[in-house]
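For reference, the structure is listed below as structure tokens.
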Amino acid sequence: MRAVSKSADEIVYGLKREYLEKICAEGSRIDGRKFDEVRPIIVNRNFVPRAQGSAEVRLGDSRVLVGIKIEQGEPFPDTPNSGILTTNAELLPMASPTFESGPPGEDAIELARVVDRGIRESKMIDLDKLVIKEGEKVWVVFVDMHILDYDGNLIDACALGAVAALLEATVPASKVGAEDFPLPINHVPVTVTFAKIGSTMLADPNLEEEEVASARLSIATNENGDVVAMQKGLSGSITKEELFSAVDASIKLGKDIRKRVLGK
Amino acid sequence: MERKIVLPGEEINLEGMKQGNGIYHENGKYYSYQMGVLQTYNSYANVIPLSGKYYPVRNDRVIGKVIDVAPSFWIMDIRGPYPGFLHINDTPWKNMDQDLNKILAVGDTVFGKVNEITESRQIWLSLKDAGLRKLEGGHILMVQPTKVSRIIGKGGSMVNTIKEVTGVKIQLGQNGVVWLDGPADKVMVVRKILKYIEKEAHTSGLTERVKKILEEKQVI
């Protein structure tokens with residue numbers, strides 16, 4: 001039986017793949033960037049004034065909107081003393097011809113989970129400080145990511161948007177008779193994604209590079225230069241040397257983005 | 001007639017010209033269907049849309065991508081409202097070993113022409129004409145199909161200027177698919193200049209400006 005057929009937009013021009021592999025081997029990228037250079041980043045914080053925190057991120061021509069909602073809820077039975085973090089990503093059909101409406105697909109789920117992992121495993125939010133009444137009521141932090149325009153590397157754009165929005169978020173404690181307080185933050189993780197084309201690892205791949213990539217690697221690092229989360233995507237393989245050089249580059253780029261864009 | 005931008009539903013004074021494309025007729029008056037540029041051509045007034053999908057016309061040169069392989073023909077994406085079909089008999093190849101995948105596989109690109117559009121709107125392509133072939137090497141770029149004529153320019157003046165100055169091989173499909181081949185830095189220049197033409201397509205004196213930008217290596 002034939003596998004589920006792809007739509008015409010999802011089939012990649014074969015010669016595009018060859019061309020990108022060729023120019024990467026020659027040492028250049030399709031948009032003239034260096035291999036470890038990210039596209040221009042613009043972060044607009046407090047983009048949605050009525051949300052508890054929000055950020056609009058433009059990474060090249062990719063554009064995402066992240067909103068934070070903090071509400072009361074019941075804690076999970078196994079963690080009665082900590083708040084809850086929930087991430088959700090929505091690939092809006094207007095962002096790309098290949099996005100369809102309907103329940104979230106594999107890509108949307110992976111995106112939400114990778115962003116979630118970066119925040120959770122870096123211990124960015126001090127969830128233990130989000131307890132209202134032990135075992136009964138805690139604060140639930142919802143991170144909702146909307147993709148407004150797709151030009152590749154949504155993981156980095158969403159992760160950056162989520163972190164930027166969380167840094168500004170306020171817990172609406174006045175609803176339970178206490179005083180509103182800023183969301184307790186411990187660390188600032190930054191995720192950097194690499195695409196492997198031929199035998200080259202490219203930081204912050206754009207849509208064309210993402211289409212033809214054989215493997216994808218997302219690395220989240222914190223301000224101490226520790227690797228806190230990773231995700232390998234697509235079917236291709238990555239050598240040990242490529243992995244280590246990507247880790248080094250992600251720490252370097254993470255430091256730069258943290259300072260330049262997030263001001264931390 | 002004055003060359004101007006019109007909006008959908010805007011009344012058009014034909015000034016004795018005949019009703020052409022993109023114009024409709026109601027209660028003795030003429031209106032534009034689309035947002036576009038009002039132009040005259042051979043005593044016809046036409047509204048050339050500023051943006052839109054590609055509508056195949058017979059004998060158009062298009063660049064298509066194989067999206068499926070059938071027993072005796074290929075199904076091609078030509079960015080039109082319907083897929084195009086390319087039959088083995090309309091190609092220079094012979095179907096000797098019964099496997100079309102060996103000739104063209106999914107993802108391969110051809111420069112073909114629209115041979116026939118049937119009553120049931122099937123689009124049949126052909127490779128049997130001068131210059132039509134499978135495209136190998138090079139890079140693919142998408143532009144608005146409505147801007148292709150502007151990129152070609154009067155008698156090919158615009159595209160020839162770009163070819164001469166940059167030395168990049170360019171093949172334009174009427175469906176807005178552009179094939180480029182050359183050194184990476186030159187291809188990047190051509191990509192930028194094509195995007196510039198797309199953006200400035202409704203302005204006049206564009207060929208001269210493009211020539212100036214290319215020769216003086218201006219950054220856009």
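Each chain in the structure tokens gets a letter, A, B and so on, in the order shown; residues start at 1 in every chain, and ligands are counted from 1 in the order they appear.
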
Helix (DSSP H, G or I) positions in segment 108-144 of chain A, given as a PDB file with N, CA and C atoms, in the first residue's frame:
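Result went into selection-v3.pdb, see below:
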ATOM      1  N   ALA A 108       3.164  20.210  15.486  1.00  0.00           N
ATOM      2  CA  ALA A 108       2.732  21.135  16.534  1.00  0.00           C
ATOM      3  C   ALA A 108       3.012  20.539  17.908  1.00  0.00           C
ATOM      4  N   ILE A 109       2.794  19.238  18.034  1.00  0.00           N
ATOM      5  CA  ILE A 109       3.012  18.587  19.333  1.00  0.00           C
ATOM      6  C   ILE A 109       4.502  18.576  19.663  1.00  0.00           C
ATOM      7  N   GLU A 110       5.329  18.245  18.667  1.00  0.00           N
ATOM      8  CA  GLU A 110       6.773  18.228  18.912  1.00  0.00           C
ATOM      9  C   GLU A 110       7.247  19.615  19.316  1.00  0.00           C
ATOM     10  N   LEU A 111       6.781  20.633  18.589  1.00  0.00           N
ATOM     11  CA  LEU A 111       7.174  22.012  18.881  1.00  0.00           C
ATOM     12  C   LEU A 111       6.838  22.375  20.325  1.00  0.00           C
ATOM     13  N   ALA A 112       5.610  22.079  20.734  1.00  0.00           N
ATOM     14  CA  ALA A 112       5.192  22.418  22.098  1.00  0.00           C
ATOM     15  C   ALA A 112       6.017  21.648  23.125  1.00  0.00           C
ATOM     16  N   ARG A 113       6.306  20.400  22.831  1.00  0.00           N
ATOM     17  CA  ARG A 113       7.036  19.588  23.805  1.00  0.00           C
ATOM     18  C   ARG A 113       8.491  20.006  23.929  1.00  0.00           C
ATOM     19  N   VAL A 114       9.110  20.385  22.806  1.00  0.00           N
ATOM     20  CA  VAL A 114      10.519  20.794  22.865  1.00  0.00           C
ATOM     21  C   VAL A 114      10.637  22.114  23.637  1.00  0.00           C
ATOM     22  N   VAL A 115       9.706  23.041  23.384  1.00  0.00           N
ATOM     23  CA  VAL A 115       9.726  24.309  24.120  1.00  0.00           C
ATOM     24  C   VAL A 115       9.473  24.050  25.603  1.00  0.00           C
ATOM     25  N   ASP A 116       8.503  23.198  25.892  1.00  0.00           N
ATOM     26  CA  ASP A 116       8.170  22.822  27.274  1.00  0.00           C
ATOM     27  C   ASP A 116       9.393  22.239  27.973  1.00  0.00           C
ATOM     28  N   ARG A 117      10.082  21.327  27.287  1.00  0.00           N
ATOM     29  CA  ARG A 117      11.229  20.659  27.900  1.00  0.00           C
ATOM     30  C   ARG A 117      12.337  21.648  28.243  1.00  0.00           C
ATOM     31  N   GLY A 118      12.577  22.599  27.312  1.00  0.00           N
ATOM     32  CA  GLY A 118      13.611  23.604  27.565  1.00  0.00           C
ATOM     33  C   GLY A 118      13.324  24.400  28.830  1.00  0.00           C
ATOM     34  N   ILE A 119      12.056  24.781  29.016  1.00  0.00           N
ATOM     35  CA  ILE A 119      11.682  25.585  30.189  1.00  0.00           C
ATOM     36  C   ILE A 119      11.681  24.719  31.442  1.00  0.00           C
ATOM     37  N   ARG A 120      11.114  23.523  31.340  1.00  0.00           N
ATOM     38  CA  ARG A 120      10.953  22.644  32.494  1.00  0.00           C
ATOM     39  C   ARG A 120      12.293  22.125  33.000  1.00  0.00           C
ATOM     40  N   GLU A 121      13.120  21.620  32.078  1.00  0.00           N
ATOM     41  CA  GLU A 121      14.363  20.970  32.511  1.00  0.00           C
ATOM     42  C   GLU A 121      15.425  21.979  32.945  1.00  0.00           C
ATOM     43  N   LEU A 127       8.544  26.440  40.270  1.00  0.00           N
ATOM     44  CA  LEU A 127       7.160  25.969  40.411  1.00  0.00           C
ATOM     45  C   LEU A 127       6.757  25.791  41.869  1.00  0.00           C
ATOM     46  N   ASP A 128       7.748  25.562  42.750  1.00  0.00           N
ATOM     47  CA  ASP A 128       7.422  25.352  44.173  1.00  0.00           C
ATOM     48  C   ASP A 128       6.849  26.613  44.818  1.00  0.00           C
ATOM     49  N   LYS A 129       7.117  27.755  44.209  1.00  0.00           N
ATOM     50  CA  LYS A 129       6.586  29.009  44.771  1.00  0.00           C
ATOM     51  C   LYS A 129       5.202  29.331  44.235  1.00  0.00           C
ATOM     52  N   LEU A 130       4.643  28.427  43.461  1.00  0.00           N
ATOM     53  CA  LEU A 130       3.336  28.695  42.850  1.00  0.00           C
ATOM     54  C   LEU A 130       2.216  27.911  43.543  1.00  0.00           C
TER      55      LEU A 130
END

Would you kindly report the residues of chain A within 12 Å of chain B, using only C-alpha atoms, as JSON, numbers by chain?
-> {"A": [2, 5, 6, 7, 8, 9, 10, 11, 12, 13, 14, 15, 16, 17, 18, 19, 20, 21, 22, 23, 24, 25, 26, 27, 28, 29, 30, 31, 32, 33, 208, 212]}

The selected residues should be written to file as a CSV table (one decimal), in the first residue's frame (atoms: N, CA, C and O atoms).
chain,number,residue,atom,x,y,z
A,2,ARG,N,0.4,2.2,-0.7
A,2,ARG,CA,1.1,3.5,-0.7
A,2,ARG,C,1.0,4.3,0.6
A,2,ARG,O,-0.1,4.3,1.2
A,5,SER,N,-0.1,10.2,0.7
A,5,SER,CA,0.6,11.0,-0.2
A,5,SER,C,0.8,12.4,0.3
A,5,SER,O,-0.1,13.0,1.0
A,6,LYS,N,1.9,13.1,0.0
A,6,LYS,CA,2.1,14.4,0.4
A,6,LYS,C,1.4,15.4,-0.5
A,6,LYS,O,1.2,15.1,-1.7
A,7,SER,N,1.1,16.6,0.0
A,7,SER,CA,0.6,17.6,-0.9
A,7,SER,C,1.7,18.2,-1.7
A,7,SER,O,2.9,18.0,-1.4
A,8,ALA,N,1.3,18.8,-2.8
A,8,ALA,CA,2.3,19.3,-3.8
A,8,ALA,C,3.3,20.2,-3.1
A,8,ALA,O,4.5,20.3,-3.5
A,9,ASP,N,2.8,21.0,-2.2
A,9,ASP,CA,3.7,22.0,-1.5
A,9,ASP,C,4.8,21.3,-0.7
A,9,ASP,O,5.8,21.9,-0.4
A,10,GLU,N,4.5,20.1,-0.2
A,10,GLU,CA,5.4,19.4,0.7
A,10,GLU,C,6.5,18.7,0.0
A,10,GLU,O,7.5,18.3,0.6
A,11,ILE,N,6.3,18.4,-1.3
A,11,ILE,CA,7.3,17.7,-2.1
A,11,ILE,C,8.4,18.8,-2.4
A,11,ILE,O,8.1,19.8,-3.0
A,12,VAL,N,9.6,18.4,-2.1
A,12,VAL,CA,10.7,19.4,-2.3
A,12,VAL,C,11.3,19.2,-3.7
A,12,VAL,O,11.5,18.1,-4.2
A,13,TYR,N,11.6,20.3,-4.3
A,13,TYR,CA,12.3,20.3,-5.6
A,13,TYR,C,13.6,19.6,-5.4
A,13,TYR,O,14.5,20.0,-4.6
A,14,GLY,N,13.9,18.5,-6.1
A,14,GLY,CA,15.1,17.7,-6.0
A,14,GLY,C,16.3,18.5,-6.2
A,14,GLY,O,17.3,18.4,-5.5
A,15,LEU,N,16.3,19.4,-7.2
A,15,LEU,CA,17.5,20.2,-7.5
A,15,LEU,C,17.8,21.3,-6.5
A,15,LEU,O,18.9,21.7,-6.3
A,16,LYS,N,16.7,21.6,-5.7
A,16,LYS,CA,16.9,22.6,-4.6
A,16,LYS,C,17.8,21.9,-3.5
A,16,LYS,O,18.8,22.5,-3.0
A,17,ARG,N,17.5,20.6,-3.3
A,17,ARG,CA,18.3,19.9,-2.3
A,17,ARG,C,19.8,19.8,-2.7
A,17,ARG,O,20.7,20.1,-2.0
A,18,GLU,N,20.0,19.4,-4.0
A,18,GLU,CA,21.3,19.3,-4.5
A,18,GLU,C,22.1,20.7,-4.5
A,18,GLU,O,23.2,20.7,-4.1
A,19,TYR,N,21.3,21.7,-4.8
A,19,TYR,CA,22.0,23.0,-4.8
A,19,TYR,C,22.4,23.5,-3.4
A,19,TYR,O,23.5,23.9,-3.2
A,20,LEU,N,21.5,23.3,-2.5
A,20,LEU,CA,21.9,23.7,-1.1
A,20,LEU,C,23.0,22.9,-0.6
A,20,LEU,O,23.9,23.4,0.1
A,21,GLU,N,23.0,21.6,-0.9
A,21,GLU,CA,24.2,20.7,-0.4
A,21,GLU,C,25.5,21.2,-1.1
A,21,GLU,O,26.5,21.2,-0.4
A,22,LYS,N,25.3,21.6,-2.3
A,22,LYS,CA,26.5,22.0,-3.1
A,22,LYS,C,27.1,23.3,-2.5
A,22,LYS,O,28.3,23.4,-2.2
A,23,ILE,N,26.2,24.3,-2.3
A,23,ILE,CA,26.8,25.6,-1.8
A,23,ILE,C,27.2,25.5,-0.3
A,23,ILE,O,28.1,26.2,0.1
A,24,CYS,N,26.6,24.6,0.5
A,24,CYS,CA,27.0,24.4,1.8
A,24,CYS,C,28.4,23.8,1.8
A,24,CYS,O,29.3,24.1,2.6
A,25,ALA,N,28.7,22.8,0.9
A,25,ALA,CA,30.0,22.2,0.8
A,25,ALA,C,31.0,23.2,0.4
A,25,ALA,O,32.2,23.2,0.8
A,26,GLU,N,30.6,24.2,-0.4
A,26,GLU,CA,31.5,25.3,-0.8
A,26,GLU,C,31.7,26.4,0.3
A,26,GLU,O,32.5,27.3,0.1
A,27,GLY,N,30.9,26.3,1.4
A,27,GLY,CA,31.1,27.2,2.5
A,27,GLY,C,30.2,28.4,2.5
A,27,GLY,O,30.4,29.3,3.2
A,28,SER,N,29.0,28.3,1.7
A,28,SER,CA,28.1,29.5,1.8
A,28,SER,C,26.7,29.0,2.1
A,28,SER,O,26.4,27.9,1.8
A,29,ARG,N,25.9,30.0,2.5
A,29,ARG,CA,24.5,29.7,2.7
A,29,ARG,C,23.6,30.4,1.8
A,29,ARG,O,24.0,31.5,1.2
A,30,ILE,N,22.4,30.0,1.6
A,30,ILE,CA,21.5,30.5,0.6
A,30,ILE,C,21.2,32.0,0.8
A,30,ILE,O,21.0,32.7,-0.1
A,31,ASP,N,21.2,32.4,2.1
A,31,ASP,CA,20.9,33.9,2.3
A,31,ASP,C,22.1,34.6,2.7
A,31,ASP,O,22.0,35.7,3.2
A,32,GLY,N,23.3,34.0,2.5
A,32,GLY,CA,24.6,34.8,2.7
A,32,GLY,C,25.0,34.8,4.1
A,32,GLY,O,26.0,35.4,4.4
A,33,ARG,N,24.3,34.1,5.0
A,33,ARG,CA,24.8,34.1,6.4
A,33,ARG,C,26.0,33.1,6.6
A,33,ARG,O,26.2,32.3,5.8
A,208,GLU,N,13.8,27.1,3.5
A,208,GLU,CA,14.4,26.4,2.4
A,208,GLU,C,15.4,25.4,3.0
A,208,GLU,O,15.5,24.2,2.5
A,212,VAL,N,15.2,20.8,3.1
A,212,VAL,CA,16.1,19.9,2.5
A,212,VAL,C,17.1,19.2,3.6
A,212,VAL,O,17.9,18.4,3.2

If we count only C-alpha atoms, what is near Asp61 of chain A at a cut-off of 12 Å, once residues fewer than 3 positions away on the same chain are taken out, given as an mmCIF file with N, CA and C atoms, in the first residue's frame?
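Result file is part-v2.cif:
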data_model
loop_
_atom_site.group_PDB
_atom_site.id
_atom_site.type_symbol
_atom_site.label_atom_id
_atom_site.label_comp_id
_atom_site.auth_asym_id
_atom_site.auth_seq_id
_atom_site.Cartn_x
_atom_site.Cartn_y
_atom_site.Cartn_z
ATOM 1 N N ARG A 39 19.417 34.614 12.195
ATOM 2 C CA ARG A 39 18.775 35.727 11.496
ATOM 3 C C ARG A 39 18.470 36.848 12.494
ATOM 4 N N PRO A 40 18.158 38.060 12.002
ATOM 5 C CA PRO A 40 17.827 39.151 12.933
ATOM 6 C C PRO A 40 16.618 38.784 13.795
ATOM 7 N N ILE A 41 16.716 39.107 15.078
ATOM 8 C CA ILE A 41 15.630 38.767 16.005
ATOM 9 C C ILE A 41 15.014 40.059 16.528
ATOM 10 N N ILE A 42 13.684 40.117 16.505
ATOM 11 C CA ILE A 42 12.972 41.241 17.129
ATOM 12 C C ILE A 42 11.981 40.651 18.120
ATOM 13 N N VAL A 57 7.586 37.438 18.533
ATOM 14 C CA VAL A 57 8.971 37.245 18.099
ATOM 15 C C VAL A 57 9.017 37.181 16.581
ATOM 16 N N ARG A 58 9.945 37.937 16.002
ATOM 17 C CA ARG A 58 10.240 37.814 14.573
ATOM 18 C C ARG A 58 11.656 37.302 14.449
ATOM 19 N N VAL A 64 6.039 34.572 15.473
ATOM 20 C CA VAL A 64 5.199 33.833 16.415
ATOM 21 C C VAL A 64 4.710 34.769 17.508
ATOM 22 N N ALA A 95 -0.313 30.776 8.299
ATOM 23 C CA ALA A 95 1.135 30.934 8.380
ATOM 24 C C ALA A 95 1.863 30.248 7.234
ATOM 25 N N SER A 96 1.268 29.215 6.657
ATOM 26 C CA SER A 96 1.943 28.478 5.593
ATOM 27 C C SER A 96 0.926 27.653 4.814
ATOM 28 N N ILE A 147 1.648 30.412 15.717
ATOM 29 C CA ILE A 147 2.560 30.668 14.601
ATOM 30 C C ILE A 147 1.824 31.566 13.614
ATOM 31 N N LEU A 148 2.357 32.756 13.411
ATOM 32 C CA LEU A 148 1.688 33.704 12.514
ATOM 33 C C LEU A 148 2.283 33.688 11.109
ATOM 34 N N ASP A 149 3.572 33.395 11.015
ATOM 35 C CA ASP A 149 4.219 33.340 9.705
ATOM 36 C C ASP A 149 5.370 32.343 9.794
ATOM 37 N N TYR A 150 5.436 31.469 8.800
ATOM 38 C CA TYR A 150 6.390 30.358 8.884
ATOM 39 C C TYR A 150 7.491 30.530 7.850
ATOM 40 N N ASP A 151 8.711 30.791 8.335
ATOM 41 C CA ASP A 151 9.870 30.789 7.447
ATOM 42 C C ASP A 151 10.996 29.994 8.099
ATOM 43 N N GLY A 152 10.627 28.880 8.709
ATOM 44 C CA GLY A 152 11.631 27.980 9.279
ATOM 45 C C GLY A 152 11.960 28.274 10.730
ATOM 46 N N ASN A 153 12.496 27.260 11.375
ATOM 47 C CA ASN A 153 12.991 27.330 12.756
ATOM 48 C C ASN A 153 11.973 27.896 13.746
ATOM 49 N N LEU A 154 10.830 27.242 13.817
ATOM 50 C CA LEU A 154 9.811 27.668 14.769
ATOM 51 C C LEU A 154 10.220 27.361 16.199
ATOM 52 N N ALA A 157 12.165 30.286 17.639
ATOM 53 C CA ALA A 157 11.299 31.462 17.757
ATOM 54 C C ALA A 157 10.324 31.282 18.914
ATOM 55 N N ASP A 204 20.091 28.083 13.060
ATOM 56 C CA ASP A 204 18.876 28.807 12.687
ATOM 57 C C ASP A 204 18.518 28.624 11.207
ATOM 58 N N PRO A 205 18.153 27.410 10.805
ATOM 59 C CA PRO A 205 17.822 27.181 9.388
ATOM 60 C C PRO A 205 16.566 27.929 8.981
ATOM 61 N N ASN A 206 16.560 28.490 7.769
ATOM 62 C CA ASN A 206 15.332 29.090 7.260
ATOM 63 C C ASN A 206 14.499 28.014 6.577
ATOM 64 N N LEU A 207 13.375 28.404 6.023
ATOM 65 C CA LEU A 207 12.429 27.405 5.500
ATOM 66 C C LEU A 207 13.064 26.516 4.430
#

Who sits within 12 Å of Leu206 of chain B, only C-alpha atoms, same chain under 5 positions skipped, as a PyMOL selection string = chain B and resi 150-154+157-159+161+193-194+196-201+211-213

Contacts of Gly233 of chain A within 9 Å, only C-alpha atoms, excl. fewer than 4 positions in-chain, as number ranges by chain | A: 214-218

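If you count only C-alpha atoms and ignore residues fewer than 3 places along the chain from Asp90 of chain B, what sits within 10 Å of it is Phe73, Leu86, His87, Trp93, Lys94, Asn115, Trp124, Leu125, Ser126, Leu127, Lys128 and Asp129 of chain B.
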
Take the selection from the previous step and output its residues with N, CA, C and O atoms, as a compact mmCIF listing (two decimals), in the first residue's frame.
# COMPACT_ATOMS: atom_id res chain seq x y z
N PHE B 73 2.20 8.30 -17.48
CA PHE B 73 2.38 9.76 -17.45
C PHE B 73 2.79 10.20 -16.05
O PHE B 73 2.72 9.43 -15.09
N LEU B 86 1.88 15.05 -17.77
CA LEU B 86 2.90 14.96 -18.82
C LEU B 86 2.95 13.51 -19.27
O LEU B 86 3.36 12.63 -18.50
N HIS B 87 2.49 13.25 -20.49
CA HIS B 87 2.47 11.88 -21.00
C HIS B 87 3.81 11.54 -21.61
O HIS B 87 4.47 12.39 -22.21
N TRP B 93 11.66 11.09 -24.57
CA TRP B 93 12.13 9.78 -24.10
C TRP B 93 11.22 8.66 -24.56
O TRP B 93 10.05 8.85 -24.81
N LYS B 94 11.80 7.45 -24.62
CA LYS B 94 11.03 6.25 -24.97
C LYS B 94 10.83 5.42 -23.70
O LYS B 94 11.74 5.28 -22.89
N ASN B 115 0.49 22.14 -23.43
CA ASN B 115 0.19 21.66 -24.77
C ASN B 115 -1.29 21.78 -25.08
O ASN B 115 -1.69 22.16 -26.17
N TRP B 124 -2.58 19.29 -20.11
CA TRP B 124 -1.55 18.38 -20.63
C TRP B 124 -0.32 19.18 -21.01
O TRP B 124 -0.41 20.15 -21.75
N LEU B 125 0.83 18.74 -20.50
CA LEU B 125 2.09 19.42 -20.79
C LEU B 125 2.84 18.66 -21.86
O LEU B 125 2.52 17.51 -22.17
N SER B 126 3.86 19.30 -22.41
CA SER B 126 4.68 18.64 -23.42
C SER B 126 6.13 19.11 -23.28
O SER B 126 6.39 20.22 -22.85
N LEU B 127 7.05 18.22 -23.65
CA LEU B 127 8.46 18.60 -23.69
C LEU B 127 8.97 18.62 -25.12
O LEU B 127 10.16 18.72 -25.36
N LYS B 128 8.02 18.48 -26.09
CA LYS B 128 8.46 18.38 -27.48
C LYS B 128 8.49 19.75 -28.13
O LYS B 128 7.56 20.13 -28.85
N ASP B 129 9.50 20.53 -27.82
CA ASP B 129 9.70 21.81 -28.48
C ASP B 129 11.12 22.27 -28.16
O ASP B 129 11.75 21.74 -27.25

Listing only residues of segment 206-243 of chain A within 9 Å of segment 186-202 of chain A, what is the closest atom pair and its distance in Å (to one decimal) for each, using only C-alpha atoms, sorted by chain and residue number ascending, as a Markdown table?
| residue | atom | partner | partner_atom | distance |
| --- | --- | --- | --- | --- |
| A:Glu209 | CA | A:Ala195 | CA | 7.3 |
| A:Glu210 | CA | A:Ala195 | CA | 6.5 |
| A:Val212 | CA | A:Ile197 | CA | 7.0 |
| A:Ala213 | CA | A:Ile197 | CA | 4.9 |
| A:Ser214 | CA | A:Lys196 | CA | 5.7 |
| A:Ala215 | CA | A:Lys196 | CA | 5.1 |
| A:Arg216 | CA | A:Ala195 | CA | 4.5 |
| A:Leu217 | CA | A:Phe194 | CA | 5.1 |
| A:Ser218 | CA | A:Thr193 | CA | 4.1 |
| A:Ile219 | CA | A:Val192 | CA | 5.4 |
| A:Ala220 | CA | A:Thr191 | CA | 4.0 |
| A:Thr221 | CA | A:Pro189 | CA | 5.4 |
| A:Asn222 | CA | A:Pro189 | CA | 4.3 |
| A:Glu223 | CA | A:Val188 | CA | 6.2 |
| A:Val228 | CA | A:Pro189 | CA | 7.8 |
| A:Ala229 | CA | A:Thr191 | CA | 8.5 |
| A:Met230 | CA | A:Thr191 | CA | 8.7 |
| A:Gln231 | CA | A:Thr193 | CA | 9.0 |
| A:Gly236 | CA | A:Lys196 | CA | 8.2 |
| A:Ser237 | CA | A:Lys196 | CA | 8.8 |
| A:Ile238 | CA | A:Lys196 | CA | 8.0 |
| A:Glu242 | CA | A:Met201 | CA | 7.1 |

Output file for the residues above (C-alpha atoms, as a tab-separated table (two decimals), in the first residue's frame):
chain	number	residue	atom	x	y	z
A	209	GLU	CA	17.19	24.91	4.53
A	210	GLU	CA	14.74	23.15	6.81
A	212	VAL	CA	16.14	19.87	2.55
A	213	ALA	CA	17.82	19.11	5.89
A	214	SER	CA	18.62	15.49	6.68
A	215	ALA	CA	18.74	15.96	10.45
A	216	ARG	CA	17.80	18.62	12.96
A	217	LEU	CA	19.19	19.22	16.43
A	218	SER	CA	17.78	21.62	19.03
A	219	ILE	CA	19.90	22.41	22.07
A	220	ALA	CA	18.71	24.45	25.05
A	221	THR	CA	21.40	25.97	27.27
A	222	ASN	CA	21.18	28.05	30.44
A	223	GLU	CA	23.15	31.13	31.51
A	228	VAL	CA	19.55	21.55	29.77
A	229	ALA	CA	17.55	19.93	26.96
A	230	MET	CA	18.00	18.49	23.51
A	231	GLN	CA	15.88	17.24	20.67
A	236	GLY	CA	19.42	11.59	9.26
A	237	SER	CA	22.36	10.93	11.54
A	238	ILE	CA	24.78	13.22	13.37
A	242	GLU	CA	29.12	17.45	14.76

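In this structure, atom CA of Lys53 of chain B sits 8.3 Å away from atom CA of Asn175 of chain B.
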
Atom CA of Gly131 of chain B and atom CA of Ser51 of chain B are how many Å apart?
->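 These atoms are spaced 28.2 Å apart.
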
Within segment 61-109 of chain A, find each residue whose DSSP state, derived from the backbone, is strand (DSSP E or B), and express the selection as a list in words.
->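 Everything in segment 61-109 of chain A that counts as strand (DSSP E or B) is Ser62, Arg63, Val64, Leu65, Val66, Gly67, Ile68, Lys69, Ile70, Glu71, Gln72, Gly73, Ile84, Leu85, Thr86, Thr87, Asn88, Ala89, Glu90 and Leu91 of chain A.
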
Could you please take those selected residues and save N, CA and C atoms as a CSV table (one decimal), in the first residue's frame?
chain,number,residue,atom,x,y,z
A,62,SER,N,10.1,34.5,10.0
A,62,SER,CA,9.2,33.7,10.9
A,62,SER,C,8.6,34.6,12.0
A,63,ARG,N,7.3,34.4,12.3
A,63,ARG,CA,6.7,35.3,13.3
A,63,ARG,C,5.8,34.5,14.2
A,64,VAL,N,6.0,34.6,15.5
A,64,VAL,CA,5.2,33.8,16.4
A,64,VAL,C,4.7,34.8,17.5
A,65,LEU,N,3.6,34.4,18.1
A,65,LEU,CA,3.0,35.2,19.2
A,65,LEU,C,2.9,34.2,20.4
A,66,VAL,N,3.4,34.6,21.5
A,66,VAL,CA,3.3,33.7,22.7
A,66,VAL,C,2.5,34.4,23.8
A,67,GLY,N,1.6,33.8,24.3
A,67,GLY,CA,0.8,34.4,25.4
A,67,GLY,C,0.8,33.5,26.7
A,68,ILE,N,0.9,34.2,27.8
A,68,ILE,CA,0.9,33.4,29.1
A,68,ILE,C,-0.4,33.7,29.9
A,69,LYS,N,-1.0,32.7,30.3
A,69,LYS,CA,-2.2,32.8,31.2
A,69,LYS,C,-1.9,32.1,32.5
A,70,ILE,N,-2.1,32.7,33.6
A,70,ILE,CA,-1.9,32.0,34.9
A,70,ILE,C,-3.2,31.9,35.6
A,71,GLU,N,-3.6,30.7,35.9
A,71,GLU,CA,-4.9,30.5,36.5
A,71,GLU,C,-4.8,29.5,37.7
A,72,GLN,N,-5.8,29.5,38.5
A,72,GLN,CA,-5.8,28.5,39.7
A,72,GLN,C,-6.2,27.2,39.2
A,73,GLY,N,-5.6,26.1,39.8
A,73,GLY,CA,-6.0,24.8,39.4
A,73,GLY,C,-5.6,23.8,40.5
A,84,ILE,N,2.0,24.2,38.0
A,84,ILE,CA,1.9,23.3,36.8
A,84,ILE,C,2.3,24.2,35.6
A,85,LEU,N,3.0,23.6,34.7
A,85,LEU,CA,3.4,24.3,33.5
A,85,LEU,C,2.8,23.6,32.3
A,86,THR,N,2.0,24.3,31.5
A,86,THR,CA,1.4,23.6,30.3
A,86,THR,C,1.7,24.4,29.1
A,87,THR,N,2.2,23.7,28.1
A,87,THR,CA,2.6,24.4,26.8
A,87,THR,C,1.7,23.9,25.7
A,88,ASN,N,1.4,24.8,24.8
A,88,ASN,CA,0.6,24.4,23.7
A,88,ASN,C,1.0,25.2,22.4
A,89,ALA,N,1.1,24.6,21.3
A,89,ALA,CA,1.4,25.3,20.1
A,89,ALA,C,0.4,25.1,19.0
A,90,GLU,N,0.1,26.2,18.3
A,90,GLU,CA,-0.9,26.2,17.3
A,90,GLU,C,-0.3,26.6,15.9
A,91,LEU,N,-0.4,25.7,14.9
A,91,LEU,CA,0.2,26.1,13.6
A,91,LEU,C,-1.0,26.6,12.8

Between atom CA of Asn13 of chain B and atom CA of Met35 of chain B, what is the distance, to one decimal in Å?
->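 These atoms are spaced 16.0 Å apart.
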
Surrounding residues of Asn59 of chain B excluding itself and chain neighbours under 3 positions, 9 Å, only C-alpha atoms, as a list in words =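 Listing them by chain and then by number gives Pro56, Lys113, Val114, Asn115 and Glu116 of chain B.
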
Taking only C-alpha atoms into account, which of B:Pro145, B:Gly156, B:Pro81, B:Gly20 comes nearest Ile123 of chain B?
-> B:Pro81
